[in-house]
$ cat run.pdb   # PDB, C-alpha atoms, pLDDT in the B column
ATOM      1  CA  MET L   1       1.530   5.327  -6.237  1.00 93.00           C
ATOM      2  CA  ILE L   2       1.494   2.560  -3.650  1.00 94.00           C
ATOM      3  CA  ARG L   3       0.989   3.067   0.082  1.00 95.00           C
ATOM      4  CA  ALA L   4       3.573   0.756   1.648  1.00 97.00           C
ATOM      5  CA  PHE L   5       5.201  -0.455   4.845  1.00 97.00           C
ATOM      6  CA  VAL L   6       7.754  -3.043   5.972  1.00 98.00           C
ATOM      7  CA  ALA L   7       6.626  -5.535   8.611  1.00 98.00           C
ATOM      8  CA  VAL L   8       6.832  -8.971  10.203  1.00 98.00           C
ATOM      9  CA  ASP L   9       3.684 -11.064   9.817  1.00 97.00           C
ATOM     10  CA  LEU L  10       2.235 -13.065  12.732  1.00 97.00           C
ATOM     11  CA  ASN L  11       2.084 -16.830  13.021  1.00 96.00           C
ATOM     12  CA  ASP L  12      -1.341 -18.437  13.509  1.00 96.00           C
ATOM     13  CA  LYS L  13      -0.869 -19.147  17.241  1.00 97.00           C
ATOM     14  CA  VAL L  14       0.043 -15.560  18.112  1.00 98.00           C
ATOM     15  CA  ARG L  15      -2.684 -14.201  15.827  1.00 98.00           C
ATOM     16  CA  ALA L  16      -5.301 -16.368  17.595  1.00 98.00           C
ATOM     17  CA  ALA L  17      -4.143 -15.262  21.053  1.00 98.00           C
ATOM     18  CA  VAL L  18      -4.133 -11.592  20.021  1.00 97.00           C
ATOM     19  CA  SER L  19      -7.590 -12.052  18.488  1.00 97.00           C
ATOM     20  CA  ASP L  20      -8.853 -13.447  21.792  1.00 97.00           C
ATOM     21  CA  ALA L  21      -7.437 -10.483  23.727  1.00 97.00           C
ATOM     22  CA  GLN L  22      -8.952  -8.036  21.255  1.00 97.00           C
ATOM     23  CA  ALA L  23     -12.346  -9.771  21.551  1.00 96.00           C
ATOM     24  CA  ARG L  24     -12.195  -9.432  25.350  1.00 95.00           C
ATOM     25  CA  LEU L  25     -11.377  -5.731  25.059  1.00 95.00           C
ATOM     26  CA  LYS L  26     -14.247  -5.200  22.626  1.00 95.00           C
ATOM     27  CA  GLN L  27     -16.669  -6.506  25.267  1.00 94.00           C
ATOM     28  CA  ILE L  28     -15.685  -3.803  27.745  1.00 91.00           C
ATOM     29  CA  HIS L  29     -18.277  -1.036  27.988  1.00 86.00           C
ATOM     30  CA  THR L  30     -16.311   2.164  27.576  1.00 86.00           C
ATOM     31  CA  GLY L  31     -17.173   5.722  26.720  1.00 84.00           C
ATOM     32  CA  ILE L  32     -14.510   5.763  24.012  1.00 89.00           C
ATOM     33  CA  LYS L  33     -14.997   4.796  20.376  1.00 92.00           C
ATOM     34  CA  VAL L  34     -12.225   2.445  19.278  1.00 93.00           C
ATOM     35  CA  SER L  35     -11.449   1.730  15.636  1.00 92.00           C
ATOM     36  CA  TRP L  36     -10.356  -1.919  15.942  1.00 94.00           C
ATOM     37  CA  THR L  37      -7.638  -3.381  13.721  1.00 94.00           C
ATOM     38  CA  LYS L  38      -8.839  -6.314  11.634  1.00 94.00           C
ATOM     39  CA  ILE L  39      -7.101  -9.295  13.194  1.00 95.00           C
ATOM     40  CA  GLU L  40      -5.972 -10.567   9.788  1.00 94.00           C
ATOM     41  CA  ASN L  41      -4.194  -7.214   9.314  1.00 94.00           C
ATOM     42  CA  THR L  42      -2.293  -7.342  12.603  1.00 96.00           C
ATOM     43  CA  HIS L  43       1.475  -7.255  12.065  1.00 96.00           C
ATOM     44  CA  LEU L  44       4.686  -5.877  13.570  1.00 97.00           C
ATOM     45  CA  THR L  45       5.604  -2.738  11.605  1.00 96.00           C
ATOM     46  CA  LEU L  46       9.318  -2.107  11.156  1.00 96.00           C
ATOM     47  CA  GLN L  47       8.838   1.056   9.076  1.00 95.00           C
ATOM     48  CA  PHE L  48       5.898   2.818   7.479  1.00 94.00           C
ATOM     49  CA  LEU L  49       6.947   4.178   4.085  1.00 96.00           C
ATOM     50  CA  GLY L  50       3.808   5.976   2.958  1.00 94.00           C
ATOM     51  CA  ASP L  51       3.227   6.565  -0.733  1.00 95.00           C
ATOM     52  CA  ILE L  52       5.905   5.163  -3.035  1.00 95.00           C
ATOM     53  CA  GLN L  53       6.248   4.962  -6.800  1.00 94.00           C
ATOM     54  CA  ASP L  54       5.501   1.557  -8.338  1.00 93.00           C
ATOM     55  CA  THR L  55       8.988   1.654  -9.820  1.00 95.00           C
ATOM     56  CA  ALA L  56      10.553   1.883  -6.321  1.00 95.00           C
ATOM     57  CA  VAL L  57       9.328  -1.591  -5.269  1.00 96.00           C
ATOM     58  CA  ALA L  58      12.204  -3.474  -6.937  1.00 97.00           C
ATOM     59  CA  GLY L  59      14.921  -1.332  -5.338  1.00 97.00           C
ATOM     60  CA  ILE L  60      13.301  -1.446  -1.905  1.00 97.00           C
ATOM     61  CA  SER L  61      12.921  -5.217  -2.194  1.00 97.00           C
ATOM     62  CA  THR L  62      16.592  -5.593  -3.129  1.00 97.00           C
ATOM     63  CA  SER L  63      17.615  -3.554  -0.076  1.00 97.00           C
ATOM     64  CA  LEU L  64      15.396  -5.671   2.204  1.00 97.00           C
ATOM     65  CA  ALA L  65      16.906  -8.882   0.769  1.00 96.00           C
ATOM     66  CA  THR L  66      20.390  -7.555   1.533  1.00 95.00           C
ATOM     67  CA  ILE L  67      19.428  -6.903   5.163  1.00 94.00           C
ATOM     68  CA  THR L  68      17.786 -10.270   5.757  1.00 95.00           C
ATOM     69  CA  GLY L  69      20.625 -12.186   4.112  1.00 91.00           C
ATOM     70  CA  ALA L  70      22.905 -11.102   6.965  1.00 89.00           C
ATOM     71  CA  LEU L  71      20.539 -11.685   9.905  1.00 93.00           C
ATOM     72  CA  PRO L  72      19.663 -14.907  11.753  1.00 95.00           C
ATOM     73  CA  VAL L  73      16.137 -16.037  12.581  1.00 96.00           C
ATOM     74  CA  PHE L  74      15.094 -15.205  16.160  1.00 96.00           C
ATOM     75  CA  ASP L  75      12.125 -15.520  18.508  1.00 96.00           C
ATOM     76  CA  VAL L  76      10.357 -12.753  20.408  1.00 97.00           C
ATOM     77  CA  PRO L  77       7.897 -13.282  23.272  1.00 97.00           C
ATOM     78  CA  VAL L  78       4.577 -11.530  22.709  1.00 98.00           C
ATOM     79  CA  ALA L  79       3.180 -10.418  26.048  1.00 97.00           C
ATOM     80  CA  GLY L  80       1.448  -7.619  27.876  1.00 96.00           C
ATOM     81  CA  ALA L  81      -0.745  -4.787  26.665  1.00 96.00           C
ATOM     82  CA  GLY L  82      -0.873  -1.047  26.914  1.00 95.00           C
ATOM     83  CA  ALA L  83      -1.546   2.167  25.069  1.00 95.00           C
ATOM     84  CA  PHE L  84       0.311   5.049  23.471  1.00 94.00           C
ATOM     85  CA  PRO L  85       0.903   7.638  24.753  1.00 93.00           C
ATOM     86  CA  ASP L  86      -0.354   5.973  27.966  1.00 91.00           C
ATOM     87  CA  VAL L  87      -3.350   4.035  29.326  1.00 89.00           C
ATOM     88  CA  HIS L  88      -4.926   7.159  30.829  1.00 89.00           C
ATOM     89  CA  ARG L  89      -5.201   8.999  27.488  1.00 91.00           C
ATOM     90  CA  PRO L  90      -4.975   6.181  24.962  1.00 94.00           C
ATOM     91  CA  ARG L  91      -4.601   6.846  21.245  1.00 95.00           C
ATOM     92  CA  VAL L  92      -3.242   3.427  20.191  1.00 96.00           C
ATOM     93  CA  LEU L  93      -4.071   0.168  21.996  1.00 96.00           C
ATOM     94  CA  TRP L  94      -1.336  -2.464  21.659  1.00 97.00           C
ATOM     95  CA  ILE L  95      -0.001  -5.886  22.551  1.00 97.00           C
ATOM     96  CA  GLY L  96       3.687  -5.851  23.463  1.00 96.00           C
ATOM     97  CA  CYS L  97       6.701  -7.629  22.020  1.00 96.00           C
ATOM     98  CA  ASP L  98       9.521  -8.321  24.497  1.00 94.00           C
ATOM     99  CA  ASP L  99      12.611  -6.967  22.777  1.00 94.00           C
ATOM    100  CA  SER L 100      14.872  -7.069  25.822  1.00 93.00           C
ATOM    101  CA  ALA L 101      17.559  -8.708  23.644  1.00 94.00           C
ATOM    102  CA  GLY L 102      17.344  -5.738  21.238  1.00 94.00           C
ATOM    103  CA  LYS L 103      17.040  -7.935  18.139  1.00 95.00           C
ATOM    104  CA  LEU L 104      13.840  -6.309  16.892  1.00 96.00           C
ATOM    105  CA  GLN L 105      15.312  -2.860  17.495  1.00 94.00           C
ATOM    106  CA  ALA L 106      18.374  -3.877  15.483  1.00 94.00           C
ATOM    107  CA  LEU L 107      16.192  -5.242  12.658  1.00 96.00           C
ATOM    108  CA  ALA L 108      14.041  -2.095  12.584  1.00 95.00           C
ATOM    109  CA  GLY L 109      17.187   0.046  12.655  1.00 94.00           C
ATOM    110  CA  ALA L 110      18.660  -1.881   9.713  1.00 95.00           C
ATOM    111  CA  VAL L 111      15.416  -1.505   7.745  1.00 96.00           C
ATOM    112  CA  GLN L 112      15.212   2.214   8.491  1.00 95.00           C
ATOM    113  CA  ALA L 113      18.872   2.744   7.535  1.00 94.00           C
ATOM    114  CA  ALA L 114      18.328   0.903   4.241  1.00 96.00           C
ATOM    115  CA  MET L 115      15.147   2.841   3.527  1.00 96.00           C
ATOM    116  CA  ARG L 116      16.967   6.112   4.137  1.00 95.00           C
ATOM    117  CA  THR L 117      19.026   5.341   0.996  1.00 93.00           C
ATOM    118  CA  HIS L 118      15.690   5.341  -0.877  1.00 95.00           C
ATOM    119  CA  GLY L 119      14.733   8.748   0.548  1.00 93.00           C
ATOM    120  CA  PHE L 120      12.553   7.598   3.473  1.00 93.00           C
ATOM    121  CA  GLN L 121      13.094   9.134   6.880  1.00 88.00           C
ATOM    122  CA  PRO L 122      12.762   7.112  10.096  1.00 81.00           C
ATOM    123  CA  GLU L 123       9.691   7.696  12.217  1.00 76.00           C
ATOM    124  CA  PRO L 124      10.003  10.910  14.271  1.00 73.00           C
ATOM    125  CA  VAL L 125       9.210   8.995  17.484  1.00 77.00           C
ATOM    126  CA  THR L 126      11.289   6.234  19.043  1.00 82.00           C
ATOM    127  CA  TRP L 127      10.409   2.882  17.480  1.00 86.00           C
ATOM    128  CA  THR L 128       8.737   0.501  19.930  1.00 91.00           C
ATOM    129  CA  ALA L 129       7.895  -3.115  19.072  1.00 94.00           C
ATOM    130  CA  HIS L 130       4.125  -3.613  19.322  1.00 96.00           C
ATOM    131  CA  LEU L 131       1.041  -5.049  17.625  1.00 97.00           C
ATOM    132  CA  THR L 132      -1.729  -2.482  17.182  1.00 96.00           C
ATOM    133  CA  LEU L 133      -5.144  -3.656  18.419  1.00 96.00           C
ATOM    134  CA  GLY L 134      -7.044  -0.453  17.803  1.00 95.00           C
ATOM    135  CA  ARG L 135      -6.906   3.313  17.504  1.00 94.00           C
ATOM    136  CA  ILE L 136      -8.799   6.059  19.301  1.00 95.00           C
ATOM    137  CA  ARG L 137      -9.413   9.290  17.452  1.00 91.00           C
ATOM    138  CA  THR L 138     -10.179  11.377  20.527  1.00 89.00           C
ATOM    139  CA  PRO L 139      -8.036  10.184  23.447  1.00 87.00           C
ATOM    140  CA  ARG L 140      -9.410  10.739  26.936  1.00 88.00           C
ATOM    141  CA  PRO L 141      -9.433   8.923  30.258  1.00 89.00           C
ATOM    142  CA  ASP L 142     -11.685   5.881  30.539  1.00 90.00           C
ATOM    143  CA  ALA L 143     -11.443   3.844  33.749  1.00 92.00           C
ATOM    144  CA  ALA L 144     -12.998   0.696  32.246  1.00 93.00           C
ATOM    145  CA  LEU L 145     -10.539   0.640  29.341  1.00 93.00           C
ATOM    146  CA  THR L 146      -7.571   1.337  31.628  1.00 93.00           C
ATOM    147  CA  GLN L 147      -8.635  -1.526  33.909  1.00 94.00           C
ATOM    148  CA  ALA L 148      -9.087  -3.874  30.927  1.00 93.00           C
ATOM    149  CA  LEU L 149      -5.617  -3.063  29.571  1.00 94.00           C
ATOM    150  CA  ASP L 150      -4.136  -3.465  33.053  1.00 94.00           C
ATOM    151  CA  SER L 151      -5.682  -6.949  33.247  1.00 94.00           C
ATOM    152  CA  LEU L 152      -3.588  -7.929  30.185  1.00 95.00           C
ATOM    153  CA  THR L 153      -0.292  -6.547  31.534  1.00 93.00           C
ATOM    154  CA  ASN L 154       1.111  -9.964  32.490  1.00 94.00           C
ATOM    155  CA  GLU L 155      -0.632 -12.057  29.842  1.00 96.00           C
ATOM    156  CA  VAL L 156       1.536 -14.069  27.442  1.00 97.00           C
ATOM    157  CA  PHE L 157       0.286 -14.389  23.846  1.00 97.00           C
ATOM    158  CA  GLY L 158       2.956 -16.737  22.500  1.00 97.00           C
ATOM    159  CA  THR L 159       6.229 -16.469  20.635  1.00 97.00           C
ATOM    160  CA  LEU L 160       6.702 -14.613  17.379  1.00 97.00           C
ATOM    161  CA  ARG L 161       9.306 -16.287  15.170  1.00 96.00           C
ATOM    162  CA  VAL L 162      10.975 -13.532  13.187  1.00 97.00           C
ATOM    163  CA  ASP L 163      12.094 -15.410  10.097  1.00 97.00           C
ATOM    164  CA  THR L 164      10.836 -13.205   7.246  1.00 97.00           C
ATOM    165  CA  ILE L 165      10.139  -9.526   6.659  1.00 98.00           C
ATOM    166  CA  HIS L 166       7.657  -8.323   4.070  1.00 98.00           C
ATOM    167  CA  LEU L 167       7.063  -5.245   1.966  1.00 98.00           C
ATOM    168  CA  PHE L 168       3.306  -4.697   2.159  1.00 98.00           C
ATOM    169  CA  GLN L 169       0.950  -2.581   0.107  1.00 97.00           C
ATOM    170  CA  SER L 170      -1.891  -0.976   2.056  1.00 95.00           C
ATOM    171  CA  GLN L 171      -5.054  -0.107   0.149  1.00 94.00           C
ATOM    172  CA  LEU L 172      -7.466   2.082   2.093  1.00 86.00           C
ATOM    173  CA  HIS L 173     -11.149   1.127   1.895  1.00 82.00           C
ATOM    174  CA  PRO L 174     -14.236   2.246   3.834  1.00 81.00           C
ATOM    175  CA  ASP L 175     -14.430  -1.212   5.453  1.00 79.00           C
ATOM    176  CA  GLY L 176     -10.773  -1.106   6.496  1.00 78.00           C
ATOM    177  CA  SER L 177      -7.385  -1.473   4.875  1.00 85.00           C
ATOM    178  CA  ILE L 178      -6.454  -4.383   2.637  1.00 91.00           C
ATOM    179  CA  TYR L 179      -2.826  -5.513   2.886  1.00 95.00           C
ATOM    180  CA  THR L 180      -0.999  -7.300   0.070  1.00 96.00           C
ATOM    181  CA  LYS L 181       2.541  -8.673   0.282  1.00 97.00           C
ATOM    182  CA  LEU L 182       4.634  -7.164  -2.510  1.00 97.00           C
ATOM    183  CA  SER L 183       7.814  -9.038  -1.572  1.00 97.00           C
ATOM    184  CA  SER L 184       9.027 -11.382   1.174  1.00 97.00           C
ATOM    185  CA  HIS L 185      12.565 -11.679   2.497  1.00 97.00           C
ATOM    186  CA  PRO L 186      13.616 -14.600   4.734  1.00 97.00           C
ATOM    187  CA  LEU L 187      16.311 -14.064   7.371  1.00 97.00           C
ATOM    188  CA  LYS L 188      19.259 -16.295   6.474  1.00 89.00           C
ATOM    189  CA  GLY L 189      22.327 -15.224   8.438  1.00 67.00           C
ATOM    190  CA  ASP L 190      24.084 -17.430  10.982  1.00 60.00           C
TER
END

$ encode --input "run.pdb" --output "C-alpha cells"
Amino acid sequence: MIRAFVAVDLNDKVRAAVSDAQARLKQIHTGIKVSWTKIENTHLTLQFLGDIQDTAVAGISTSLATITGALPVFDVPVAGAGAFPDVHRPRVLWIGCDDSAGKLQALAGAVQAAMRTHGFQPEPVTWTAHLTLGRIRTPRPDAALTQALDSLTNEVFGTLRVDTIHLFQSQLHPDGSIYTKLSSHPLKGD
C-alpha cells in the first residue's frame, strides 16, 4: 500500500517566501504547540487519496495525464495567512492562494472527479486553496498567534505558476513525512 495525494509543487521563490513567513511565526512565543510543516514538503494539495494499492498508480497517473492535457498553464498569487477553522481556535495554519478566477477550484474539481472513477471520494469539507504551515493538535485561543497571523493578512509571497500536477507518495516517519513524486503531469491545453 502507498499513502498518496495529488498536488502542485511550489517554485523556489514562493517556497523561500513561505519559509520566511513560517520562520517569523516560529519566533512568536505562544502557549500552543505547533507541529510545523517541513518547508521542503510544502505543496498545494488538490486531493488526498490515502492508502492506495501499488497497482493503482498507473491508472491514476493516466487519469491525471488526461486532465492536464486539456488545461492551460496559469498563475496564482500566493498571499495572506490564516487558520482553519479560524484564527481564534486554530487547527491548521496556512498561507493563502488567491483563486478569485476559480482556476484552482476547477483543477481540484477535475482531479476529484477523475479520482472518483478510481473509487476515491472528494474531501467532506469544501476545498480551499492553501499551503499548510503547521498543525495544532489541541486548538485553543492564543492572542500572540492570532496577532502574528493577522500581521501576515496582506503579505504577498509571490506567484505560483500552475504548470504541472504530481502524484505524490507520503511515507510517515518519526522525524516527519517524506514525499516522493510517483508521476508528474504538465498542463498542456490552450

$ resolve_selection --input "run.pdb" --expression "the PyMOL selection byres ((chain L and resi 100) around 12)" --output "short mmCIF file (atom, residue, chain, number, x, y, z; two decimals) with C-alpha atoms, keeping the file's coordinate frame"
data_model
loop_
_atom_site.label_atom_id
_atom_site.label_comp_id
_atom_site.auth_asym_id
_atom_site.auth_seq_id
_atom_site.Cartn_x
_atom_site.Cartn_y
_atom_site.Cartn_z
CA ASP L 75 12.12 -15.52 18.51
CA VAL L 76 10.36 -12.75 20.41
CA PRO L 77 7.90 -13.28 23.27
CA VAL L 78 4.58 -11.53 22.71
CA GLY L 96 3.69 -5.85 23.46
CA CYS L 97 6.70 -7.63 22.02
CA ASP L 98 9.52 -8.32 24.50
CA ASP L 99 12.61 -6.97 22.78
CA ALA L 101 17.56 -8.71 23.64
CA GLY L 102 17.34 -5.74 21.24
CA LYS L 103 17.04 -7.94 18.14
CA LEU L 104 13.84 -6.31 16.89
CA GLN L 105 15.31 -2.86 17.50
CA ALA L 106 18.37 -3.88 15.48
CA THR L 128 8.74 0.50 19.93
CA ALA L 129 7.90 -3.12 19.07
#

$ residues_around --input "run.pdb" --residues "His166 (chain L)" --least-positions-apart "2" --cutoff "12 Å" --atoms "all atoms listed in the file" --output "MDAnalysis selection string"
chainID L and resid 4:10 43:48 57 60:65 67:68 111 162:164 168:169 179:187

$ resolve_selection --input "run.pdb" --expression "the PyMOL selection byres ((chain L and resi 87) around 9)" --output "PyMOL selection string"
chain L and resi 82-86+88-91+93+141-142+145-147+149-150

$ atom_distance --input "run.pdb" --atom1 "CA of Met1 (chain L)" --atom2 "CA of Ile165 (chain L)"
21.5 Å

$ closest_residue --input "run.pdb" --among "L:Arg140, L:His118, L:Asp20, L:Ala70" --to "Ala58 (chain L)" --atoms "all atoms listed in the file"
L:His118

$ residues_around --input "run.pdb" --residues "Thr42 (chain L)" --least-positions-apart "2" --cutoff "8 Å" --atoms "all atoms listed in the file" --output "number ranges by chain"
L: 9-10, 15, 37-40, 44, 131-133

$ closest_residue --input "run.pdb" --among "L:Asp54, L:Ala81, L:Leu71, L:Ile2" --to "Ala148 (chain L)" --atoms "only C-alpha atoms"
L:Ala81

$ axis_aligned_box --input "run.pdb" --around "region 60-68 of chain L" --padding-each-side "5 Å" --output "JSON"
{"center_x": 16.7, "center_y": -5.9, "center_z": 1.3, "size_x": 17.5, "size_y": 18.8, "size_z": 18.9}

$ closest_residue --input "run.pdb" --among "L:Thr153, L:Gln27, L:Thr138, L:Thr66" --to "Ala114 (chain L)" --atoms "all atoms listed in the file"
L:Thr66

$ atom_distance --input "run.pdb" --atom1 "CA of Leu172 (chain L)" --atom2 "CA of Ala79 (chain L)"
29.0 Å

$ atom_distance --input "run.pdb" --atom1 "CA of Pro124 (chain L)" --atom2 "CA of Gln112 (chain L)"
11.7 Å

$ closest_residue --input "run.pdb" --among "L:Gln53, L:Val92, L:Ser151, L:Phe157" --to "Gly119 (chain L)" --atoms "all atoms listed in the file"
L:Gln53

$ build_atoms --input "run.pdb" --residues "region 169-187 of chain L" --atoms "N, CA and C atoms" --output "short mmCIF file (atom, residue, chain, number, x, y, z; two decimals), in the frame of the given file"
data_model
loop_
_atom_site.label_atom_id
_atom_site.label_comp_id
_atom_site.auth_asym_id
_atom_site.auth_seq_id
_atom_site.Cartn_x
_atom_site.Cartn_y
_atom_site.Cartn_z
N GLN L 169 1.74 -3.68 0.66
CA GLN L 169 0.95 -2.58 0.11
C GLN L 169 -0.29 -2.45 0.98
N SER L 170 -0.68 -1.24 1.29
CA SER L 170 -1.89 -0.98 2.06
C SER L 170 -2.86 -0.19 1.18
N GLN L 171 -4.02 -0.79 0.91
CA GLN L 171 -5.05 -0.11 0.15
C GLN L 171 -6.16 0.29 1.11
N LEU L 172 -6.46 1.58 1.17
CA LEU L 172 -7.47 2.08 2.09
C LEU L 172 -8.85 1.90 1.49
N HIS L 173 -9.76 1.34 2.30
CA HIS L 173 -11.15 1.13 1.90
C HIS L 173 -12.06 1.53 3.05
N PRO L 174 -13.31 1.87 2.76
CA PRO L 174 -14.24 2.25 3.83
C PRO L 174 -14.40 1.16 4.89
N ASP L 175 -14.28 -0.11 4.50
CA ASP L 175 -14.43 -1.21 5.45
C ASP L 175 -13.12 -1.56 6.15
N GLY L 176 -12.07 -0.83 5.90
CA GLY L 176 -10.77 -1.11 6.50
C GLY L 176 -9.72 -1.38 5.43
N SER L 177 -8.49 -1.30 5.81
CA SER L 177 -7.38 -1.47 4.88
C SER L 177 -7.27 -2.92 4.41
N ILE L 178 -6.77 -3.07 3.18
CA ILE L 178 -6.45 -4.38 2.64
C ILE L 178 -4.95 -4.40 2.41
N TYR L 179 -4.27 -5.41 3.00
CA TYR L 179 -2.83 -5.51 2.89
C TYR L 179 -2.46 -6.63 1.92
N THR L 180 -1.50 -6.34 1.05
CA THR L 180 -1.00 -7.30 0.07
C THR L 180 0.52 -7.34 0.18
N LYS L 181 1.09 -8.54 0.24
CA LYS L 181 2.54 -8.67 0.28
C LYS L 181 3.10 -8.45 -1.12
N LEU L 182 3.98 -7.46 -1.24
CA LEU L 182 4.63 -7.16 -2.51
C LEU L 182 5.92 -7.96 -2.67
N SER L 183 6.61 -8.21 -1.56
CA SER L 183 7.81 -9.04 -1.57
C SER L 183 8.06 -9.57 -0.17
N SER L 184 8.71 -10.74 -0.11
CA SER L 184 9.03 -11.38 1.17
C SER L 184 10.50 -11.72 1.20
N HIS L 185 11.13 -11.54 2.39
CA HIS L 185 12.56 -11.68 2.50
C HIS L 185 12.94 -12.47 3.75
N PRO L 186 13.26 -13.76 3.58
CA PRO L 186 13.62 -14.60 4.73
C PRO L 186 14.96 -14.18 5.35
N LEU L 187 15.03 -14.27 6.68
CA LEU L 187 16.31 -14.06 7.37
C LEU L 187 17.14 -15.32 7.16
#
